[in-house]
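K.L.:
Handing over input_22.cif, mmCIF, C-alpha atoms, pLDDT in the B column; chains and numbers go by the auth columns.
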data_work
#
loop_
_atom_site.group_PDB
_atom_site.id
_atom_site.type_symbol
_atom_site.label_atom_id
_atom_site.label_comp_id
_atom_site.label_asym_id
_atom_site.label_seq_id
_atom_site.Cartn_x
_atom_site.Cartn_y
_atom_site.Cartn_z
_atom_site.B_iso_or_equiv
_atom_site.auth_seq_id
_atom_site.auth_asym_id
ATOM 1 C CA MET A 1 0.000 0.000 0.000 96.00 1 A
ATOM 2 C CA LEU A 2 2.790 2.422 0.897 97.00 2 A
ATOM 3 C CA VAL A 3 4.717 1.783 -2.321 96.00 3 A
ATOM 4 C CA ALA A 4 1.554 2.228 -4.372 97.00 4 A
ATOM 5 C CA ILE A 5 0.737 5.493 -2.599 97.00 5 A
ATOM 6 C CA ALA A 6 4.256 6.868 -3.047 97.00 6 A
ATOM 7 C CA MET A 7 4.184 5.929 -6.729 95.00 7 A
ATOM 8 C CA GLN A 8 0.746 7.476 -7.149 96.00 8 A
ATOM 9 C CA GLU A 9 1.704 10.672 -5.361 95.00 9 A
ATOM 10 C CA SER A 10 5.239 11.328 -6.586 95.00 10 A
ATOM 11 C CA ALA A 11 6.245 8.481 -8.918 93.00 11 A
ATOM 12 C CA LEU A 12 9.114 8.174 -6.406 93.00 12 A
ATOM 13 C CA ILE A 13 10.723 11.122 -8.190 93.00 13 A
ATOM 14 C CA THR A 14 9.765 14.352 -6.420 92.00 14 A
ATOM 15 C CA ARG A 15 10.106 15.410 -2.796 92.00 15 A
ATOM 16 C CA LYS A 16 8.294 18.724 -3.195 92.00 16 A
ATOM 17 C CA GLN A 17 4.985 19.035 -4.999 92.00 17 A
ATOM 18 C CA VAL A 18 5.243 21.004 -8.209 89.00 18 A
ATOM 19 C CA GLY A 19 3.113 24.085 -7.692 90.00 19 A
ATOM 20 C CA GLY A 20 2.079 23.064 -4.190 91.00 20 A
ATOM 21 C CA SER A 21 3.236 22.529 -0.630 92.00 21 A
ATOM 22 C CA ALA A 22 3.165 18.733 -0.291 95.00 22 A
ATOM 23 C CA ILE A 23 6.445 17.013 0.578 95.00 23 A
ATOM 24 C CA SER A 24 8.225 13.647 0.604 96.00 24 A
ATOM 25 C CA PRO A 25 7.606 10.767 -1.789 96.00 25 A
ATOM 26 C CA TYR A 26 4.179 10.435 -0.120 97.00 26 A
ATOM 27 C CA GLN A 27 3.357 14.116 -0.805 96.00 27 A
ATOM 28 C CA PHE A 28 2.126 14.994 2.695 94.00 28 A
ATOM 29 C CA GLU A 29 0.462 18.271 3.411 92.00 29 A
ATOM 30 C CA LYS A 30 1.405 19.798 6.759 92.00 30 A
ATOM 31 C CA ILE A 31 -2.100 19.149 8.104 91.00 31 A
ATOM 32 C CA GLY A 32 -1.682 15.404 7.484 91.00 32 A
ATOM 33 C CA ILE A 33 1.509 15.343 9.524 94.00 33 A
ATOM 34 C CA ASP A 34 -0.156 17.444 12.218 93.00 34 A
ATOM 35 C CA ASN A 35 -3.063 14.959 12.368 93.00 35 A
ATOM 36 C CA VAL A 36 -0.622 12.142 13.104 95.00 36 A
ATOM 37 C CA PHE A 37 0.956 14.185 15.916 93.00 37 A
ATOM 38 C CA THR A 38 -2.326 15.221 17.522 94.00 38 A
ATOM 39 C CA HIS A 39 -3.825 11.719 17.697 94.00 39 A
ATOM 40 C CA ALA A 40 -3.015 10.131 21.065 93.00 40 A
ATOM 41 C CA GLU A 41 -1.659 6.802 19.775 93.00 41 A
ATOM 42 C CA THR A 42 -0.021 7.885 16.538 95.00 42 A
ATOM 43 C CA GLY A 43 1.430 10.994 18.197 96.00 43 A
ATOM 44 C CA ARG A 44 3.264 8.803 20.680 96.00 44 A
ATOM 45 C CA LEU A 45 4.490 6.490 17.931 97.00 45 A
ATOM 46 C CA VAL A 46 5.739 9.205 15.571 97.00 46 A
ATOM 47 C CA THR A 47 7.460 11.018 18.429 97.00 47 A
ATOM 48 C CA GLY A 48 9.195 7.777 19.427 97.00 48 A
ATOM 49 C CA ALA A 49 10.241 7.090 15.838 97.00 49 A
ATOM 50 C CA ALA A 50 11.615 10.604 15.461 97.00 50 A
ATOM 51 C CA LYS A 51 13.632 10.153 18.641 97.00 51 A
ATOM 52 C CA GLU A 52 15.040 6.833 17.374 97.00 52 A
ATOM 53 C CA LEU A 53 15.993 8.525 14.105 97.00 53 A
ATOM 54 C CA ALA A 54 17.518 11.526 15.925 96.00 54 A
ATOM 55 C CA ILE A 55 15.040 13.929 14.323 96.00 55 A
ATOM 56 C CA PRO A 56 14.042 16.750 16.677 94.00 56 A
ATOM 57 C CA VAL A 57 10.313 17.310 16.945 93.00 57 A
ATOM 58 C CA ASP A 58 10.434 21.060 16.581 91.00 58 A
ATOM 59 C CA GLU A 59 9.739 23.741 13.982 88.00 59 A
ATOM 60 C CA ASN A 60 12.176 22.015 11.585 89.00 60 A
ATOM 61 C CA PHE A 61 10.411 18.637 11.681 93.00 61 A
ATOM 62 C CA TYR A 62 8.326 19.306 8.563 92.00 62 A
ATOM 63 C CA ASP A 63 11.505 20.065 6.581 90.00 63 A
ATOM 64 C CA ALA A 64 13.143 16.883 7.903 93.00 64 A
ATOM 65 C CA VAL A 65 10.223 14.814 6.584 95.00 65 A
ATOM 66 C CA LYS A 66 10.969 16.046 3.054 93.00 66 A
ATOM 67 C CA TRP A 67 14.418 14.420 3.113 93.00 67 A
ATOM 68 C CA ASN A 68 14.155 11.546 5.579 96.00 68 A
ATOM 69 C CA ASP A 69 12.352 8.629 3.948 96.00 69 A
ATOM 70 C CA ALA A 70 12.318 6.588 7.173 97.00 70 A
ATOM 71 C CA ILE A 71 10.258 9.139 9.126 98.00 71 A
ATOM 72 C CA ALA A 72 8.126 9.834 6.041 97.00 72 A
ATOM 73 C CA THR A 73 7.300 6.131 5.819 97.00 73 A
ATOM 74 C CA VAL A 74 6.433 6.010 9.523 98.00 74 A
ATOM 75 C CA ILE A 75 4.040 8.923 9.036 98.00 75 A
ATOM 76 C CA ALA A 76 2.523 7.334 5.922 98.00 76 A
ATOM 77 C CA ARG A 77 1.872 4.075 7.764 97.00 77 A
ATOM 78 C CA LEU A 78 0.368 5.910 10.721 97.00 78 A
ATOM 79 C CA ILE A 79 -1.972 7.829 8.417 96.00 79 A
ATOM 80 C CA LEU A 80 -3.223 4.475 7.147 96.00 80 A
ATOM 81 C CA TRP A 81 -3.464 3.205 10.717 94.00 81 A
ATOM 82 C CA LEU A 82 -5.808 6.071 11.615 93.00 82 A
ATOM 83 C CA ASP A 83 -8.417 4.519 9.328 94.00 83 A
ATOM 84 C CA PRO A 84 -10.391 1.973 11.370 94.00 84 A
ATOM 85 C CA ALA A 85 -10.799 -0.395 8.411 96.00 85 A
ATOM 86 C CA PRO A 86 -8.195 -3.106 7.874 96.00 86 A
ATOM 87 C CA LEU A 87 -5.762 -2.689 5.000 96.00 87 A
ATOM 88 C CA PRO A 88 -7.081 -4.253 1.806 97.00 88 A
ATOM 89 C CA ALA A 89 -5.704 -7.665 0.905 96.00 89 A
ATOM 90 C CA LEU A 90 -2.851 -7.734 -1.592 95.00 90 A
ATOM 91 C CA GLY A 91 -4.236 -7.673 -5.126 95.00 91 A
ATOM 92 C CA LYS A 92 -7.534 -5.998 -4.214 97.00 92 A
ATOM 93 C CA GLU A 93 -6.882 -2.963 -6.392 97.00 93 A
ATOM 94 C CA VAL A 94 -10.334 -1.369 -6.176 97.00 94 A
ATOM 95 C CA ASP A 95 -10.440 -1.713 -2.385 97.00 95 A
ATOM 96 C CA ALA A 96 -6.890 -0.367 -2.107 98.00 96 A
ATOM 97 C CA ARG A 97 -7.766 2.635 -4.246 97.00 97 A
ATOM 98 C CA ALA A 98 -10.806 3.413 -2.081 97.00 98 A
ATOM 99 C CA TYR A 99 -8.647 3.107 1.048 97.00 99 A
ATOM 100 C CA TYR A 100 -5.998 5.396 -0.469 97.00 100 A
ATOM 101 C CA GLU A 101 -8.559 8.001 -1.523 97.00 101 A
ATOM 102 C CA ARG A 102 -10.232 7.908 1.888 96.00 102 A
ATOM 103 C CA THR A 103 -6.984 8.328 3.833 95.00 103 A
ATOM 104 C CA TRP A 104 -4.977 10.595 1.491 94.00 104 A
ATOM 105 C CA ARG A 105 -7.874 12.629 0.091 92.00 105 A
ATOM 106 C CA PRO A 106 -6.024 13.469 -3.133 91.00 106 A
ATOM 107 C CA GLY A 107 -6.977 16.680 -4.886 84.00 107 A
ATOM 108 C CA ILE A 108 -6.888 15.028 -8.291 84.00 108 A
ATOM 109 C CA LYS A 109 -7.988 11.415 -8.520 87.00 109 A
ATOM 110 C CA SER A 110 -6.626 9.223 -11.285 87.00 110 A
ATOM 111 C CA SER A 111 -7.832 5.650 -11.562 90.00 111 A
ATOM 112 C CA ILE A 112 -5.552 5.039 -14.555 92.00 112 A
ATOM 113 C CA ARG A 113 -2.474 6.192 -12.656 93.00 113 A
ATOM 114 C CA TRP A 114 -3.599 4.187 -9.591 96.00 114 A
ATOM 115 C CA THR A 115 -3.894 1.014 -11.674 96.00 115 A
ATOM 116 C CA THR A 116 -0.307 1.467 -12.848 96.00 116 A
ATOM 117 C CA SER A 117 1.037 2.455 -9.420 97.00 117 A
ATOM 118 C CA TYR A 118 -0.733 -0.351 -7.608 97.00 118 A
ATOM 119 C CA GLY A 119 0.142 -2.947 -10.234 97.00 119 A
ATOM 120 C CA THR A 120 3.821 -2.044 -10.068 95.00 120 A
ATOM 121 C CA ALA A 121 3.794 -2.110 -6.255 95.00 121 A
ATOM 122 C CA VAL A 122 2.129 -5.532 -6.165 96.00 122 A
ATOM 123 C CA ALA A 123 4.560 -6.886 -8.767 95.00 123 A
ATOM 124 C CA CYS A 124 7.490 -5.668 -6.643 91.00 124 A
ATOM 125 C CA ILE A 125 6.091 -7.298 -3.521 90.00 125 A
ATOM 126 C CA ARG A 126 5.362 -10.577 -5.278 90.00 126 A
ATOM 127 C CA SER A 127 8.852 -10.704 -6.791 90.00 127 A
ATOM 128 C CA THR A 128 10.554 -10.214 -3.407 81.00 128 A
ATOM 129 C CA PRO A 129 11.743 -13.526 -1.951 77.00 129 A
#
Would you mind giving the structure from this file in structure tokens?
P.N.:
Amino acid sequence: MLVAIAMQESALITRKQVGGSAISPYQFEKIGIDNVFTHAETGRLVTGAAKELAIPVDENFYDAVKWNDAIATVIARLILWLDPAPLPALGKEVDARAYYERTWRPGIKSSIRWTTSYGTAVACIRSTP
């Protein structure tokens, strides 16, 4: 799910949204990161992860997320975790797309791009020993 989202959002190429303010391969908006911090459980988890990664949780945290893929991935997973529904089973493209759209709330939805992103992500996972 995380690989598909990153491919959908940035094609794993950009760290700063062209013409916008989203950052990291997952293209977070600041409000999405703030939502992870303000939730009781995910706030504790992201703060702990930042400490483990030696990333200060201060006014520079948002900039650190742009360049640190480990903390960006933690945040991405916690955003998914905030959704009470279980993650869709591998290969359930339509369910995965609905989950992605519900949790990421993309401004521009593209089912064609999602099909490619998700298909590539699933192929990568299935080819990993």
K.L.:
Residues at most 12 Å from Pro106 in chain A, counting only C-alpha atoms, excluding those fewer than 2 positions away in the same chain, as a list in words?
P.N.:
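Non-adjacent residues within range: Ile5, Gln8, Glu9, Ser10, Ala22, Tyr26, Gln27, Phe28, Glu29, Gly32, Arg97, Ala98, Tyr99, Tyr100, Glu101, Arg102, Thr103, Trp104, Ile108, Lys109, Ser110, Ser111 and Trp114 of chain A.
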K.L.:
Calculated over all atoms listed in the file, which of the candidates A:Asn35, A:Ser24, A:Thr128, A:Thr42 has the smallest distance to Asp69 in chain A?
P.N.:
A:Ser24
K.L.:
Name the residues, using the chain letters and numbers of the file, that sit within 10 Å of (-1.6, 4.0, 11.8) when counting all atoms listed in the file, and give them as a list in words.
P.N.:
Val36, His39, Glu41, Thr42, Gly43, Leu45, Val46, Val74, Ile75, Ala76, Arg77, Leu78, Ile79, Leu80, Trp81, Leu82, Asp83 and Pro84 of chain A
K.L.:
Around all listed atoms of range 24-35 of chain A, padded 6 Å per side, what centre and edge lengths does the axis-aligned box have in Å to one decimal, as lines of an AutoDock Vina configuration file?
P.N.:
center_x = 2.6
center_y = 15.1
center_z = 5.3
size_x = 23.3
size_y = 21.4
size_z = 26.2
K.L.:
Near Ala49 in chain A, counting only C-alpha atoms, which residues have an atom at most 9 Å away, once you skip same-chain residues fewer than 5 positions from it, shown as a list in words?
P.N.:
Arg44, Ala54, Ile55, Ala70, Ile71 and Val74 of chain A
K.L.:
Just to confirm, what's the straight-line distance from CA of Leu90 in chain A to CA of Val65 in chain A in Å (one decimal)?
P.N.:
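Computed distance, CA of Leu90 in chain A to CA of Val65 in chain A, equals 27.3 Å.
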K.L.:
Have a look at CA of Phe61 in chain A and CA of Leu12 in chain A and let me know their distance in Å, one decimal.
P.N.:
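Separating CA of Phe61 in chain A from CA of Leu12 in chain A is a distance of 20.9 Å.
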K.L.:
If I take CA of Pro25 in chain A and CA of Asn68 in chain A, how far is one from the other in Å, to one decimal?
P.N.:
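For CA of Pro25 in chain A relative to CA of Asn68 in chain A, the distance reads 9.9 Å.
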K.L.:
Please identify all polymer residues within 10 Å of Cys124 in chain A, counting all atoms listed in the file, omitting same-chain residues fewer than 5 positions from it, and present them as a list in words.
P.N.:
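What passes the distance filter is Val3, Tyr118 and Gly119 of chain A.
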K.L.:
When distances are computed from all atoms listed in the file, which of A:Tyr62, A:Ile31, A:Arg105, A:Glu93 shows the smallest separation from Ser117 in chain A?
P.N.:
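Nearest candidate to Ser117 in chain A out of A:Tyr62, A:Ile31, A:Arg105, A:Glu93: A:Glu93.
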K.L.:
Running the PyMOL selection byres ((chain A and resi 15) around 7) on this model by hand, what would come out? Give it as an mmCIF file with C-alpha atoms, in the frame of the given file.
P.N.:
data_model
loop_
_atom_site.group_PDB
_atom_site.id
_atom_site.type_symbol
_atom_site.label_atom_id
_atom_site.label_comp_id
_atom_site.auth_asym_id
_atom_site.auth_seq_id
_atom_site.Cartn_x
_atom_site.Cartn_y
_atom_site.Cartn_z
ATOM 1 C CA ILE A 13 10.723 11.122 -8.190
ATOM 2 C CA THR A 14 9.765 14.352 -6.420
ATOM 3 C CA LYS A 16 8.294 18.724 -3.195
ATOM 4 C CA GLN A 17 4.985 19.035 -4.999
ATOM 5 C CA ILE A 23 6.445 17.013 0.578
ATOM 6 C CA SER A 24 8.225 13.647 0.604
ATOM 7 C CA PRO A 25 7.606 10.767 -1.789
ATOM 8 C CA LYS A 66 10.969 16.046 3.054
#
K.L.:
Between A:Gly91, A:Ser127, A:Arg113, A:Asp63, which residue has the minimum interatomic distance to Met1 in chain A, considering all atoms listed in the file?
P.N.:
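Smallest distance to Met1 in chain A is found for A:Gly91.
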